[in-house]
Every structure is written in structure tokens, then in C-alpha cells.
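S.K.: The following block contains the structure, expressed as C-alpha cells.
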Amino acid sequence: MSMIAAFYGSKSILITGATGFLGKVLMEKLFRTSPDLKVIYILVRPKAGQTLQQRVFQILNSKLFEKVKEVCPKVHEKIKPIYADLNQKDLAISKEDMQELLSYTNIIFHCAATVRFDDPLRHAVQLNVTATQQLLFMASQMPKLEAFIHISTAYSNCNLKHIDEVVYPCSVEPKKIIESMEWLDDAIIDEITPKLIAGRPNTYTYTKALGEMLVQQEGGNLNVAIIRPSIVGATWQEPFPGWVDNLNGPSGLIVAAGKGFLRSIKATPMAVADLVPVDTVVNLTLAVGWYTAVHRPKPTLIYHCTSGTINPCNWGKMGLQVLATFEKVPFERAFRRPNADFTTNYFTASCWNAVSHRAPAIIYDFYLRLTGRKPRMTKLMNRLLRTISMLEYFINQSWEWSTYNTEMLMSELSPEDQRVFNFDVSQLNWLEYIENYVMGVKKHILKEDMAGIPEARQHLKRLRNIHYLFNTALFLIIWCLLLARSQMARNMWFFIVSFCYKFISYFRASRTLKI
Ligand SMILES: CCCCCCCCCCCCCCCCCC(=O)SCCNC(=O)CCNC(=O)[C@H](O)C(C)(C)COP(=O)(O)OP(=O)(O)OC[C@H]1O[C@@H](n2cnc3c(N)ncnc32)[C@H](O)[C@@H]1OP(=O)(O)O
Ligand SMILES: NC(=O)C1=CN([C@@H]2O[C@H](COP(=O)(O)OP(=O)(O)OC[C@H]3O[C@@H](n4cnc5c(N)ncnc54)[C@H](OP(=O)(O)O)[C@@H]3O)[C@@H](O)[C@H]2O)C=CC1
């Protein structure tokens with residue numbers, strides 16, 4: 001019997017960010033391995049015209065939860081959505097709900113965050129720092145609370161090259177930053193943002209670092225732990241390989257490459273692609289929750305959930321495997337044939353952007369205009385290039401994360417728990433994982449059916465023919481222009497034609513002689 005599964009068996013658990021990528025997989029695993037848990041409270045806001053109940057209904061009816069419904073048929077009754085908005089003071093939780101949460105919660109998993117790289121500092125602070133402070137305050141009033149698990153990111157200290165499992169202080173105290181957001185106006189905040197985030201590429205990584213500091217400072221009397229995953233990717237094994245449902249991290253670029261929009265990228269092929277499957281992160285999170293509640297380690301432990309030091313894969317290998325999978329399972333209605341040229345040089349990258357991205361988009365928009373349709377490709381391409389420019393920081397360098405606490409935790413687990421809550425990435429076969437990831441993107445994000453593969457292949461063949469035709473036509477046009485304007489080109493042309501004529505005459509003469 002799994003000790004971890006048994007531990008969660010009788011608990012009331014509070015999850016923030018349960019509607020997100022990680023949160024959904026966390027809920028799924030909890031219900032599947034501990035179907036008799038008491039209740040999972042989830043803090044949710046209405047979104048895209050859907051009520052809380054509709055959002056929960058949609059999650060439970062997704063493919064991700066198919067196995068859960070077999071082992072825990074009453075799963076609907078065990079999820080309690082609580083209206084909350086982390087953007088608001090007191091998280092906008094009603095008095096009755098707050099009372100219930102304070103009275104019964106045993107474990108908190110704090111996953112909610114803004115993961116956008118371009119969020120204004122004020123918003124990122126509100127979500128990733130102030131809301132964390134408010135949740136810690138709530139936690140401090142929970143008599144039955146056994147553990148508070150905070151999900152951060154391995155990149156919170158990406159200004160360093162070697163990162164240990166410790167909280168590194170930021171130059172300004174998080175409480176001061178929270179206070180200053182109350183009276184500084186937006187223009188001044190924008191002005192000081194680059195100075196505050198110094199060394200980090202965006203407000204996301206900075207505010208996640210502030211969040212960690214706050215957890216360490218204000219979680220003093222609680223049993224707190226911090227988990228730092230690197231780049232979270234599709235599921236590796238559970239509940240099935242390749243599940244993914246959003247475009248963050250590599251998923252968006254896999255879509256862009258598979259559809260033929262992204263053809264080259266400024267990336268260092270030898271840099272480590274520090275991906276971790278989402279089910280690995282979830283297994284570690286649940287093991288940490290158990291360990292923190294049962295063993296109450298002091299001081300606060302931080303766990304790195306990374307792959308680079310244990311089982312490294314680099315961006316070059318990943319790119320090649322992604323392309324190889326496109327050969328097997330092409331995406332439908334691609335704009336161009338998938339290709340991925342990696343370059344580390346800024347000038348080459350700019351040239352490739354002009355030739356491989358902007359020019360085809362302009363030509364396609366011209367074609368759309370000619371056929372009376374609204375041009376859209378240039379706009380889409382500009383957005384894609386903007387996204388890529390934000391990810392470049394992470395795909396052109398490597399980091400080293402120590403993993404002593406994570407290894408220590410593994411050694412504390414029983415053999416059964418090591419199997420059920422496996423977070424050992426040394427067993428990960430990258431080629432297989434990436435293939436399943438790409439297929440998962442096709443099935444679960446693009447909602448493409450495998451039955452459409454022959455048609456997708458035909459479409460790629462047509463694109464290849466168009467590509468050859470286009471290149472031949474372009475070559476001929478350029479050549480004719482050169483002939484009309486340059487004596488040297490004409491001389492070369494004369495030389496080539498007379499050479500070919502002589503060669504053919506010689507070939508004919510030698511054949512006649514043989515006969
Ligand atoms: C063969 C090639 C091989 C592949 C090589 C793979 C390379 C992978 C590189 C991955 C590096 C990832 C590094 C992450 C490291 C930090 C990890 C974490 O802690 S943090 C956790 C990770 N956090 C993140 O990854 C957040 C990154 N994302 C952002 O911060 C924002 O989306 C944005 C600022 C990039 C764009 O903002 P904005 O212009 O306002 O646009 P919206 O947001 O409104 O979306 C517009 C459209 O773009 C769509 N789309 C969205 N994302 C991506 C994507 N990645 N890509 C492509 N597309 C994407 C989106 O669906 C939408 O489509 P539509 O609905 O219009 O059709
Ligand atoms: N994905 C990755 O690559 C990595 C993620 N992480 C960390 O993991 C955690 C989860 O990330 P992930 O699941 O990928 O992110 P998602 O963007 O998929 O999910 C974010 C969650 O936070 C919720 N949330 C955001 N704003 C609010 C708000 N104002 N009120 C209530 N809820 C809100 C979202 O709710 P809603 O559905 O309503 O928007 C959603 O449930 C984060 O802490 C992130 O920093 C760390 C490393 C890498």
C-alpha cells in the first residue's frame with residue numbers, strides 16, 4: 001500500500017490554480033490514487049462566460065479525467081469550487097466560504113500564478129506576491145493545516161548560473177514592493193521595472209523570486225515547502241502519455257513549427273533543454289506534501305524538479321526529434337513544410353526571419369488580397385516572432401540546479417511510493433517522450449484526428465511542389481533581370497550555353513561513331 005496515497009485518503013485539500021495545466025494533473029492524480037479523500041476545494045474565477053460549475057464540469061468531462069471517473073465515480077461531489085479572484089483584496093472569497101476553508105483545510109497546494117512573461121509589474125506582483133501573502137495569512141488561521149506547498153519556478157533565480165535549493169534574497173524586500181504598488185503610478189512602475197528585475201528577463205521570474213522570499217519570511221510557523229519545476233511539458237506516463245492542453249513553453253513552438261510558420265529560430269543547439277513532464281512535477285509535489293506534513297522539516301525545504309543535471313537533453317536533439325515526428329504524424333493544413341534551422345548568430349537569425357518568416361507572410365497576404373480576402377498572415381507572424389523573442393533567453397543558455405533535497409526525498413519513499421509517485425527523470429527516454437509530446441499537441445491542442453494523416457501528407461507534397469515551382473520561377477526571373485542588365489551575366493550565359501552545345505555535339509558524335 002502506498003503511504004502517500006493513504007496519507008491523502010482522509011484529507012481536505014485546497015488547490016489554487018486547479019484550472020491550469022499543472023493544477024488539473026494534480027487534481028487528477030489525487031483523485032486517482034486517493035479516491036477516498038474528503039474534499040478538494042479549488043479557488044476558481046468565472047472565465048470566458050463560464051460559471052465555476054461549468055468550468056469544473058468541463059474539466060471533469062475531459063479525456064484527462066476518464067480514468068478518475070472509473071476509480072472515483074463520485075468525483076463530482078468531492079470537488080468544491082470556491083469563488084475567488086487572486087487579483088482582488090482578500091482574494092474575493094465570501095465569508096461563509098472562508099469560514100469553511102479555515103475550519104477544514106489540511107493541505108494547501110498553491111499553483112496559481114500569472115505565467116505571462118510580459119505582464120506589467122503591478123499585475124505580476126498582485127498575482128505572484130500579494131495573493132501568495134494573502135494565502136499565507138489564511139493558512140496561518142487554519143488550525144488543521146498540515147502543509148503549505150508553494151509552486152515556484154526553477155527560473156526564479158535565472159540571473160545565476162548555478163542554483164542551489166535555497167531562497168536567494170532580492171535587493172528589495174517583497175513587503176516593500178507590495179506597499180509601493182499601492183501608491184506608485186503605472187508610468188513610474190514601468191520606469192523602475194528594468195532596475196528592479198535586473199539580471200532577469202521578465203517580471204514573471206522576478207515576482208516568482210519575490211514570492212519565494214515571502215513564503216520563507218511569512219510561512220515561519222507553518223509547514224512550508226517550495227517546489228521549483230523547470231519547463232513543464234506534456235505528461236510522460238500518467239494518466240496517459242502526451243497530454244497537454246495549453247501553448248505555454250515548448251507546446252506553442254511545436255504548433256508553430258508543425259504548421260510551418262516557424263522555420264528557423266535563434267537557439268543554441270547544445271544548450272540544455274531543461275524540460276520536466278507535468279506528471280513528474282505532480283508526483284514530486286504530492287510526495288513533498290506528504291513529507292512536509294509528516295516529517296515537518298525545518299528550515300523550509302526547496303525542491304528542484306529539473307532534468308538537466310540528471311538526464312540532459314539539448315535543444316538540438318529536441319528539435320531534430322520534433323521534426324522526425326512531423327514526418328510520421330504531420331499536422332493538417334500546414335502553411336509551409338516543417339523545418340527548423342537553429343542559429344546562434346543574431347545577424348543570421350535576422351536574415352532567416354526576413355526570408356523564412358516575413359517574406360512568405362507578405363507574399364501570402366498579397367495572394368489573399370488578390371483573391372479578395374482579408375490579409376492576416378503578417379500580423380500572425382509578427383506575434384509569433386514577438387513570442388519567440390521572449391523565449392530566446394531560455395533557449396540560448398544552460399543552468400545547473402542542485403537536486404539534493406529531491407534526491408533525499410526519493411530515498412525516504414517506500415519502493416511502492418517510488419513506483420506510484422515516480423519523479424526520477426533518469427528513466428525518461430527523451431526520443432519517446434518528445435514523440436508522444438508532439439502527438440499529444442496534435443491530438444489535444446489542435447484536436448486533429450489521426451485519420452487525417454494521409455490527407456496531411458498529400459498537402460505537404462503539394463506544398464513541396466509549390467516550393468520547387470516557386471524557387472524555379474524566382475531563379476528564372478532573377479536570371480532574366482541579370483541578363484538584361486549585366487554584361488558579365490550575358491558572358492556567363494553565353495559560356496554556359498556554348499559549353500552545353502559542345503558537350504551535346506560531342507556526345508552525339510561519340511554515339512554515331514560507336515554505331
Ligand atoms: C522544431 C522546433 C522545435 C521546438 C523547439 C522548442 C523550443 C521551446 C522553447 C521553450 C522555452 C520556454 C521557456 C520557459 C521557461 C520558464 C518556465 C516557467 O517557469 S513559466 C511557464 C511558461 N510560461 C510561458 O511559456 C508563457 C509564455 N507566453 C507568454 O508570456 C505570452 O503568451 C506572450 C507574451 C508570449 C504572448 O502574449 P500575447 O501576444 O498577448 O498573446 P497571447 O498570450 O494572448 O497569445 C497570442 C497567441 O499566441 C499563442 N501563444 C501563446 N504562447 C505561445 C507560445 N509559447 N508559442 C506559440 N504561440 C503561443 C496563443 O495561444 C494565442 O493564439 P490565438 O489565441 O491568438 O490563436
Ligand atoms: N508551465 C510551466 O512551464 C511552469 C509553471 N510553473 C509554475 O507552475 C504553476 C502552475 O503553472 P501552469 O499550470 O503552467 O499555469 P497556467 O497558466 O496553466 O495556470 C495558472 C492558474 O492560475 C490561475 N489564476 C491566474 N490568475 C488568477 C486569478 N486572478 N484568480 C484566480 N486564479 C487565477 C488560473 O486560473 P484561470 O484558469 O481562471 O486563468 C490557472 O488555474 C505556476 O505557479 C507557475 O509559475 C513553474 C515552472 C514552469
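The chains in the C-alpha cells are called A, B, ... from first to last as shown; in each chain the residues are counted from 1, and the ligands are counted from 1 in the order shown.
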Please find the residues contacting ligand 1 at a distance of at most 6 Å between atoms, with only C-alpha atoms and all ligand atoms counted, and report them as an mmCIF file with N, CA and C atoms, in the first residue's frame.

M.R.:
```
data_model
loop_
_atom_site.group_PDB
_atom_site.id
_atom_site.type_symbol
_atom_site.label_atom_id
_atom_site.label_comp_id
_atom_site.auth_asym_id
_atom_site.auth_seq_id
_atom_site.Cartn_x
_atom_site.Cartn_y
_atom_site.Cartn_z
ATOM 1 N N VAL A 115 1.710 33.391 -15.513
ATOM 2 C CA VAL A 115 2.950 32.858 -16.094
ATOM 3 C C VAL A 115 3.347 33.648 -17.353
ATOM 4 N N ARG A 116 2.642 34.763 -17.588
ATOM 5 C CA ARG A 116 2.964 35.591 -18.769
ATOM 6 C C ARG A 116 4.294 36.308 -18.546
ATOM 7 N N PHE A 117 5.099 36.321 -19.608
ATOM 8 C CA PHE A 117 6.398 36.972 -19.488
ATOM 9 C C PHE A 117 6.303 38.493 -19.623
ATOM 10 N N ASP A 118 5.209 38.973 -20.207
ATOM 11 C CA ASP A 118 5.143 40.414 -20.486
ATOM 12 C C ASP A 118 4.161 41.139 -19.562
ATOM 13 N N THR A 153 9.239 28.485 -9.638
ATOM 14 C CA THR A 153 9.852 28.063 -10.901
ATOM 15 C C THR A 153 11.367 27.973 -10.727
ATOM 16 N N TYR A 155 13.380 28.957 -12.663
ATOM 17 C CA TYR A 155 13.975 30.153 -13.275
ATOM 18 C C TYR A 155 13.807 31.406 -12.411
ATOM 19 N N SER A 230 11.333 23.185 -13.735
ATOM 20 C CA SER A 230 11.910 23.970 -14.849
ATOM 21 C C SER A 230 10.828 24.165 -15.910
ATOM 22 N N ILE A 231 11.030 23.737 -17.151
ATOM 23 C CA ILE A 231 9.995 23.961 -18.178
ATOM 24 C C ILE A 231 9.047 22.761 -18.169
ATOM 25 N N LEU A 247 -0.583 26.377 -24.680
ATOM 26 C CA LEU A 247 0.503 26.681 -25.617
ATOM 27 C C LEU A 247 1.762 27.215 -24.945
ATOM 28 N N ASN A 248 1.783 27.177 -23.607
ATOM 29 C CA ASN A 248 2.968 27.708 -22.929
ATOM 30 C C ASN A 248 4.195 26.845 -23.185
ATOM 31 N N GLY A 249 5.367 27.453 -22.947
ATOM 32 C CA GLY A 249 6.625 26.708 -23.089
ATOM 33 C C GLY A 249 6.799 26.173 -24.496
ATOM 34 N N PRO A 250 7.299 24.938 -24.644
ATOM 35 C CA PRO A 250 7.593 24.411 -25.980
ATOM 36 C C PRO A 250 6.349 24.133 -26.825
ATOM 37 N N GLY A 252 3.673 25.730 -27.751
ATOM 38 C CA GLY A 252 3.323 26.739 -28.760
ATOM 39 C C GLY A 252 4.277 26.687 -29.941
ATOM 40 N N LEU A 253 5.567 26.470 -29.637
ATOM 41 C CA LEU A 253 6.547 26.434 -30.735
ATOM 42 C C LEU A 253 6.416 25.147 -31.550
ATOM 43 N N ILE A 254 5.991 24.081 -30.887
ATOM 44 C CA ILE A 254 5.764 22.828 -31.635
ATOM 45 C C ILE A 254 4.611 23.031 -32.623
ATOM 46 N N ALA A 257 5.919 25.272 -35.436
ATOM 47 C CA ALA A 257 6.843 24.575 -36.353
ATOM 48 C C ALA A 257 6.083 23.546 -37.198
ATOM 49 N N GLY A 319 14.912 19.468 -31.200
ATOM 50 C CA GLY A 319 14.411 19.984 -32.479
ATOM 51 C C GLY A 319 14.373 18.890 -33.533
ATOM 52 N N VAL A 322 11.574 16.476 -32.861
ATOM 53 C CA VAL A 322 10.277 17.092 -33.176
ATOM 54 C C VAL A 322 10.037 17.006 -34.690
ATOM 55 N N LEU A 323 11.091 17.341 -35.459
ATOM 56 C CA LEU A 323 10.956 17.290 -36.932
ATOM 57 C C LEU A 323 10.714 15.860 -37.414
ATOM 58 N N ALA A 340 13.390 23.330 -39.244
ATOM 59 C CA ALA A 340 13.864 24.138 -38.115
ATOM 60 C C ALA A 340 15.355 24.359 -38.236
ATOM 61 N N ARG A 383 3.290 38.397 -34.318
ATOM 62 C CA ARG A 383 3.009 37.919 -32.959
ATOM 63 C C ARG A 383 3.901 36.731 -32.603
ATOM 64 N N THR A 387 6.677 36.409 -29.651
ATOM 65 C CA THR A 387 6.695 35.313 -28.673
ATOM 66 C C THR A 387 8.078 34.668 -28.631
ATOM 67 N N LEU A 391 11.097 33.969 -25.668
ATOM 68 C CA LEU A 391 11.550 32.651 -25.222
ATOM 69 C C LEU A 391 13.047 32.465 -25.446
ATOM 70 N N PHE A 394 15.688 31.691 -22.831
ATOM 71 C CA PHE A 394 15.712 30.372 -22.191
ATOM 72 C C PHE A 394 16.282 29.280 -23.098
ATOM 73 N N ILE A 395 16.410 29.568 -24.392
ATOM 74 C CA ILE A 395 16.879 28.503 -25.297
ATOM 75 C C ILE A 395 18.287 28.766 -25.822
#
```

S.K.: Counting only C-alpha atoms, what is within 8 Å of A:Ala273, bar same-chain residues fewer than 5 positions away, as a ChimeraX atom specification?

M.R.: /A:308,312-315,318,395,398

S.K.: Out of A:Ile189, A:Ser171, A:Ile265, A:Thr285, which residue has the shortest atom-to-atom distance to ligand 2 when counting only C-alpha atoms and all ligand atoms?

M.R.: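 With only C-alpha atoms and all ligand atoms as the atom set, the closest residue is A:Thr285.
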
S.K.: Could you build a table of the residues in chain A lying no more than 7 Å from ligand 2, giving for each the nearest pair of atoms and their separation in Å rounded to one decimal place, using only C-alpha atoms and all ligand atoms, ordered by chain and ascending residue number, as CSV?

M.R.:
```
residue,atom,partner,partner_atom_place_in_ligand_line,distance
A:Thr16,CA,ligand 2,32 (N),6.6
A:Gly17,CA,ligand 2,41 (O),3.2
A:Ala18,CA,ligand 2,41 (O),4.8
A:Thr19,CA,ligand 2,41 (O),3.7
A:Gly20,CA,ligand 2,19 (O),3.3
A:Phe21,CA,ligand 2,13 (O),3.7
A:Leu22,CA,ligand 2,13 (O),3.8
A:Gly23,CA,ligand 2,13 (O),5.6
A:Leu43,CA,ligand 2,31 (C),6.4
A:Val44,CA,ligand 2,31 (C),5.5
A:Arg45,CA,ligand 2,38 (O),5.3
A:Pro46,CA,ligand 2,38 (O),6.8
A:Lys47,CA,ligand 2,38 (O),5.9
A:Ala84,CA,ligand 2,31 (C),5.9
A:Asp85,CA,ligand 2,30 (N),3.7
A:Leu86,CA,ligand 2,30 (N),3.8
A:Asn87,CA,ligand 2,29 (N),4.5
A:Cys111,CA,ligand 2,43 (O),4.4
A:Ala112,CA,ligand 2,22 (O),3.3
A:Ala113,CA,ligand 2,22 (O),4.6
A:Thr114,CA,ligand 2,25 (C),5.3
A:Val115,CA,ligand 2,45 (O),5.5
A:Leu127,CA,ligand 2,29 (N),6.4
A:Ile151,CA,ligand 2,43 (O),4.9
A:Ser152,CA,ligand 2,45 (O),5.2
A:Thr153,CA,ligand 2,46 (C),3.9
A:Ala154,CA,ligand 2,47 (C),6.3
A:Lys208,CA,ligand 2,45 (O),6.9
A:Arg228,CA,ligand 2,46 (C),6.4
A:Pro229,CA,ligand 2,47 (C),4.6
A:Ser230,CA,ligand 2,47 (C),4.9
A:Ile231,CA,ligand 2,3 (O),4.1
A:Val232,CA,ligand 2,3 (O),3.8
A:Gly233,CA,ligand 2,3 (O),6.6
A:Asn246,CA,ligand 2,18 (O),6.9
A:Asn248,CA,ligand 2,1 (N),6.2
A:Gly249,CA,ligand 2,3 (O),5.5
```

S.K.: How would you write, as number ranges by chain, the set of residues in stretch 39-146 of chain A that DSSP gives as helix (DSSP H, G or I)?

M.R.: A: 52-60, 63-71, 75-78, 89-92, 95-104, 121-140

S.K.: Hey, what's within 7 Å of A:Thr205 if we count only C-alpha atoms and toss same-chain stuff fewer than 4 positions away? As a list of chain:residue names, please?

M.R.: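 In the requested format, the answer is A:Tyr155, A:Ser156, A:Arg200, A:Ala209.
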
S.K.: I need the chosen residues saved as a short mmCIF file (atom, residue, chain, number, x, y, z; two decimals), in the first residue's frame, with all heavy atoms.

M.R.:
```cif
data_model
loop_
_atom_site.label_atom_id
_atom_site.label_comp_id
_atom_site.auth_asym_id
_atom_site.auth_seq_id
_atom_site.Cartn_x
_atom_site.Cartn_y
_atom_site.Cartn_z
N TYR A 155 13.38 28.96 -12.66
CA TYR A 155 13.97 30.15 -13.27
C TYR A 155 13.81 31.41 -12.41
O TYR A 155 14.08 32.50 -12.88
CB TYR A 155 13.38 30.38 -14.67
CG TYR A 155 13.75 29.27 -15.63
CD1 TYR A 155 12.91 28.18 -15.81
CD2 TYR A 155 14.96 29.29 -16.32
CE1 TYR A 155 13.26 27.14 -16.65
CE2 TYR A 155 15.32 28.26 -17.16
CZ TYR A 155 14.47 27.19 -17.32
OH TYR A 155 14.83 26.15 -18.16
N SER A 156 13.34 31.23 -11.16
CA SER A 156 13.18 32.43 -10.32
C SER A 156 14.54 33.09 -10.07
O SER A 156 14.61 34.27 -9.78
CB SER A 156 12.49 32.08 -9.00
OG SER A 156 13.19 31.04 -8.37
N ARG A 200 17.27 39.60 -14.67
CA ARG A 200 16.24 38.63 -15.08
C ARG A 200 15.57 39.14 -16.35
O ARG A 200 15.53 40.35 -16.58
CB ARG A 200 15.19 38.45 -13.98
CG ARG A 200 15.73 37.77 -12.73
CD ARG A 200 14.62 37.55 -11.72
NE ARG A 200 15.08 36.86 -10.54
CZ ARG A 200 15.70 37.42 -9.51
NH1 ARG A 200 15.92 38.72 -9.52
NH2 ARG A 200 16.09 36.71 -8.48
N ALA A 209 10.47 35.03 -7.70
CA ALA A 209 11.54 35.09 -6.69
C ALA A 209 11.04 35.83 -5.44
O ALA A 209 11.30 35.40 -4.31
CB ALA A 209 12.77 35.78 -7.26
#
```

S.K.: Quick one: residues within 12 Å of stretch 373-381 of chain A, only C-alpha atoms, excluding same-chain residues fewer than 6 positions away - as a compact mmCIF listing (two decimals) with C-alpha atoms, in the first residue's frame?

M.R.:
```txt
# COMPACT_ATOMS: atom_id res chain seq x y z
CA ALA A 256 4.15 26.87 -34.93
CA GLY A 260 5.17 25.53 -40.99
CA PHE A 261 5.04 29.08 -39.56
CA LEU A 262 8.23 28.73 -37.55
CA ARG A 263 11.10 27.65 -39.83
CA PHE A 335 1.29 26.83 -44.18
CA ASN A 353 13.44 35.91 -40.13
CA ALA A 354 13.24 38.11 -43.21
CA SER A 356 11.72 32.37 -43.90
CA HIS A 357 9.09 34.23 -41.91
CA ARG A 358 8.29 37.76 -43.04
CA ALA A 359 8.66 37.33 -46.82
CA PRO A 360 6.35 34.27 -47.11
CA ALA A 361 3.81 36.04 -44.87
CA ILE A 362 3.86 39.14 -47.07
CA ILE A 363 3.53 37.03 -50.24
CA TYR A 364 0.65 35.06 -48.75
CA ASP A 365 -1.13 38.23 -47.67
CA PHE A 366 -0.66 39.60 -51.19
CA TYR A 367 -2.30 36.43 -52.51
CA THR A 387 6.69 35.31 -28.67
CA ILE A 388 9.92 33.74 -29.88
```

S.K.: Between A:Leu145, A:Cys158, A:Ile192, A:Leu121, which is the closest to A:Thr207 once you count only C-alpha atoms?

M.R.: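 Going through A:Leu145, A:Cys158, A:Ile192, A:Leu121 one by one, the smallest distance to A:Thr207 is for A:Leu121.
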
S.K.: Counting only C-alpha atoms, which of A:Asp36, A:Asp424, A:Asp245, A:Glu392 gets nearest to A:His444?

M.R.: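 For A:His444, the nearest of the given residues is A:Asp245.
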
S.K.: Counting only C-alpha atoms, figure out which residue out of A:Gln126, A:Ser94, A:Ser12, A:Gln54 gets nearest to A:Ile108.

M.R.: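 Closest candidate: A:Ser12.
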
S.K.: Using atom CA of A:Asn405 and atom CA of A:Phe148 as the two end points, give the distance in Å to one decimal.

M.R.: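 If I compute the distance from atom CA of A:Asn405 to atom CA of A:Phe148, I get 17.0 Å.
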
S.K.: Pick from A:Pro330, A:Gly372, A:Gly258, A:Gly289: nearest to A:Ala225, with only C-alpha atoms counted?

M.R.: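 Among the listed residues, the smallest separation from A:Ala225 belongs to A:Gly289.
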
S.K.: List as an MDAnalysis selection string the protein and nucleic acid residues near A:Asn223, meaning an atom at most 10 Å away when only C-alpha atoms are counted, but skip any in the same chain fewer than 6 places from it.

M.R.: chainID A and resid 107 145:149 289 292:301

S.K.: Take the residues from that selection and write them out as a PDB file, in the first residue's frame, keeping N, CA, C and O atoms.

M.R.:
```pdb
ATOM      1  N   ILE A 107      -4.325  20.524   3.767  1.00  0.00           N
ATOM      2  CA  ILE A 107      -3.133  20.726   2.919  1.00  0.00           C
ATOM      3  C   ILE A 107      -3.454  21.815   1.893  1.00  0.00           C
ATOM      4  O   ILE A 107      -4.560  21.824   1.328  1.00  0.00           O
ATOM      5  N   LEU A 145      -4.267  22.809   9.497  1.00  0.00           N
ATOM      6  CA  LEU A 145      -3.340  22.786   8.358  1.00  0.00           C
ATOM      7  C   LEU A 145      -2.076  21.978   8.688  1.00  0.00           C
ATOM      8  O   LEU A 145      -1.451  22.186   9.717  1.00  0.00           O
ATOM      9  N   GLU A 146      -1.722  21.070   7.761  1.00  0.00           N
ATOM     10  CA  GLU A 146      -0.531  20.235   7.986  1.00  0.00           C
ATOM     11  C   GLU A 146       0.630  20.637   7.073  1.00  0.00           C
ATOM     12  O   GLU A 146       1.784  20.433   7.416  1.00  0.00           O
ATOM     13  N   ALA A 147       0.312  21.162   5.893  1.00  0.00           N
ATOM     14  CA  ALA A 147       1.403  21.557   4.987  1.00  0.00           C
ATOM     15  C   ALA A 147       0.916  22.594   3.982  1.00  0.00           C
ATOM     16  O   ALA A 147      -0.239  22.567   3.542  1.00  0.00           O
ATOM     17  N   PHE A 148       1.817  23.505   3.640  1.00  0.00           N
ATOM     18  CA  PHE A 148       1.546  24.536   2.621  1.00  0.00           C
ATOM     19  C   PHE A 148       2.627  24.352   1.552  1.00  0.00           C
ATOM     20  O   PHE A 148       3.813  24.576   1.811  1.00  0.00           O
ATOM     21  N   ILE A 149       2.212  23.937   0.355  1.00  0.00           N
ATOM     22  CA  ILE A 149       3.188  23.664  -0.707  1.00  0.00           C
ATOM     23  C   ILE A 149       3.070  24.750  -1.773  1.00  0.00           C
ATOM     24  O   ILE A 149       2.013  24.924  -2.381  1.00  0.00           O
ATOM     25  N   GLY A 289       4.279  17.136  -0.292  1.00  0.00           N
ATOM     26  CA  GLY A 289       3.152  17.424   0.609  1.00  0.00           C
ATOM     27  C   GLY A 289       3.128  16.433   1.765  1.00  0.00           C
ATOM     28  O   GLY A 289       3.008  16.803   2.939  1.00  0.00           O
ATOM     29  N   THR A 292       6.377  16.873   4.038  1.00  0.00           N
ATOM     30  CA  THR A 292       6.349  18.109   4.830  1.00  0.00           C
ATOM     31  C   THR A 292       5.371  17.963   5.999  1.00  0.00           C
ATOM     32  O   THR A 292       5.656  18.408   7.114  1.00  0.00           O
ATOM     33  N   ALA A 293       4.225  17.339   5.731  1.00  0.00           N
ATOM     34  CA  ALA A 293       3.216  17.193   6.781  1.00  0.00           C
ATOM     35  C   ALA A 293       3.657  16.184   7.835  1.00  0.00           C
ATOM     36  O   ALA A 293       3.474  16.400   9.028  1.00  0.00           O
ATOM     37  N   VAL A 294       4.287  15.101   7.392  1.00  0.00           N
ATOM     38  CA  VAL A 294       4.608  14.018   8.325  1.00  0.00           C
ATOM     39  C   VAL A 294       5.927  14.283   9.067  1.00  0.00           C
ATOM     40  O   VAL A 294       6.024  14.109  10.269  1.00  0.00           O
ATOM     41  N   HIS A 295       6.939  14.760   8.328  1.00  0.00           N
ATOM     42  CA  HIS A 295       8.269  14.920   8.947  1.00  0.00           C
ATOM     43  C   HIS A 295       8.551  16.343   9.423  1.00  0.00           C
ATOM     44  O   HIS A 295       9.528  16.566  10.133  1.00  0.00           O
ATOM     45  N   ARG A 296       7.733  17.289   9.011  1.00  0.00           N
ATOM     46  CA  ARG A 296       7.849  18.692   9.440  1.00  0.00           C
ATOM     47  C   ARG A 296       9.306  19.197   9.429  1.00  0.00           C
ATOM     48  O   ARG A 296       9.818  19.661  10.451  1.00  0.00           O
ATOM     49  N   PRO A 297      10.010  19.093   8.286  1.00  0.00           N
ATOM     50  CA  PRO A 297      11.419  19.523   8.277  1.00  0.00           C
ATOM     51  C   PRO A 297      11.562  21.019   8.515  1.00  0.00           C
ATOM     52  O   PRO A 297      10.747  21.807   8.039  1.00  0.00           O
ATOM     53  N   LYS A 298      12.559  21.374   9.273  1.00  0.00           N
ATOM     54  CA  LYS A 298      12.890  22.795   9.486  1.00  0.00           C
ATOM     55  C   LYS A 298      14.357  22.964   9.153  1.00  0.00           C
ATOM     56  O   LYS A 298      15.161  22.107   9.515  1.00  0.00           O
ATOM     57  N   PRO A 299      14.829  23.988   8.495  1.00  0.00           N
ATOM     58  CA  PRO A 299      14.023  25.071   7.925  1.00  0.00           C
ATOM     59  C   PRO A 299      13.276  24.603   6.665  1.00  0.00           C
ATOM     60  O   PRO A 299      13.404  23.453   6.258  1.00  0.00           O
ATOM     61  N   THR A 300      12.566  25.563   6.066  1.00  0.00           N
ATOM     62  CA  THR A 300      11.798  25.299   4.842  1.00  0.00           C
ATOM     63  C   THR A 300      12.675  24.641   3.780  1.00  0.00           C
ATOM     64  O   THR A 300      13.759  25.138   3.476  1.00  0.00           O
ATOM     65  N   LEU A 301      12.185  23.547   3.210  1.00  0.00           N
ATOM     66  CA  LEU A 301      12.973  22.886   2.158  1.00  0.00           C
ATOM     67  C   LEU A 301      12.492  23.326   0.766  1.00  0.00           C
ATOM     68  O   LEU A 301      11.299  23.546   0.546  1.00  0.00           O
TER      69      LEU A 301
END
```

S.K.: I want to know what sits within 7 Å of A:Met142, based on only C-alpha atoms, with residues of the same chain fewer than 3 positions away left out; could you give that as an MDAnalysis selection string?

M.R.: chainID A and resid 102:103 105 138:139 145

S.K.: Name the closest residue to A:Leu286 among the candidates A:His150, A:Lys442, A:Arg490, A:Lys175; distances are taken between atoms, counting only C-alpha atoms.

M.R.: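 Among the listed residues, the smallest separation from A:Leu286 belongs to A:His150.
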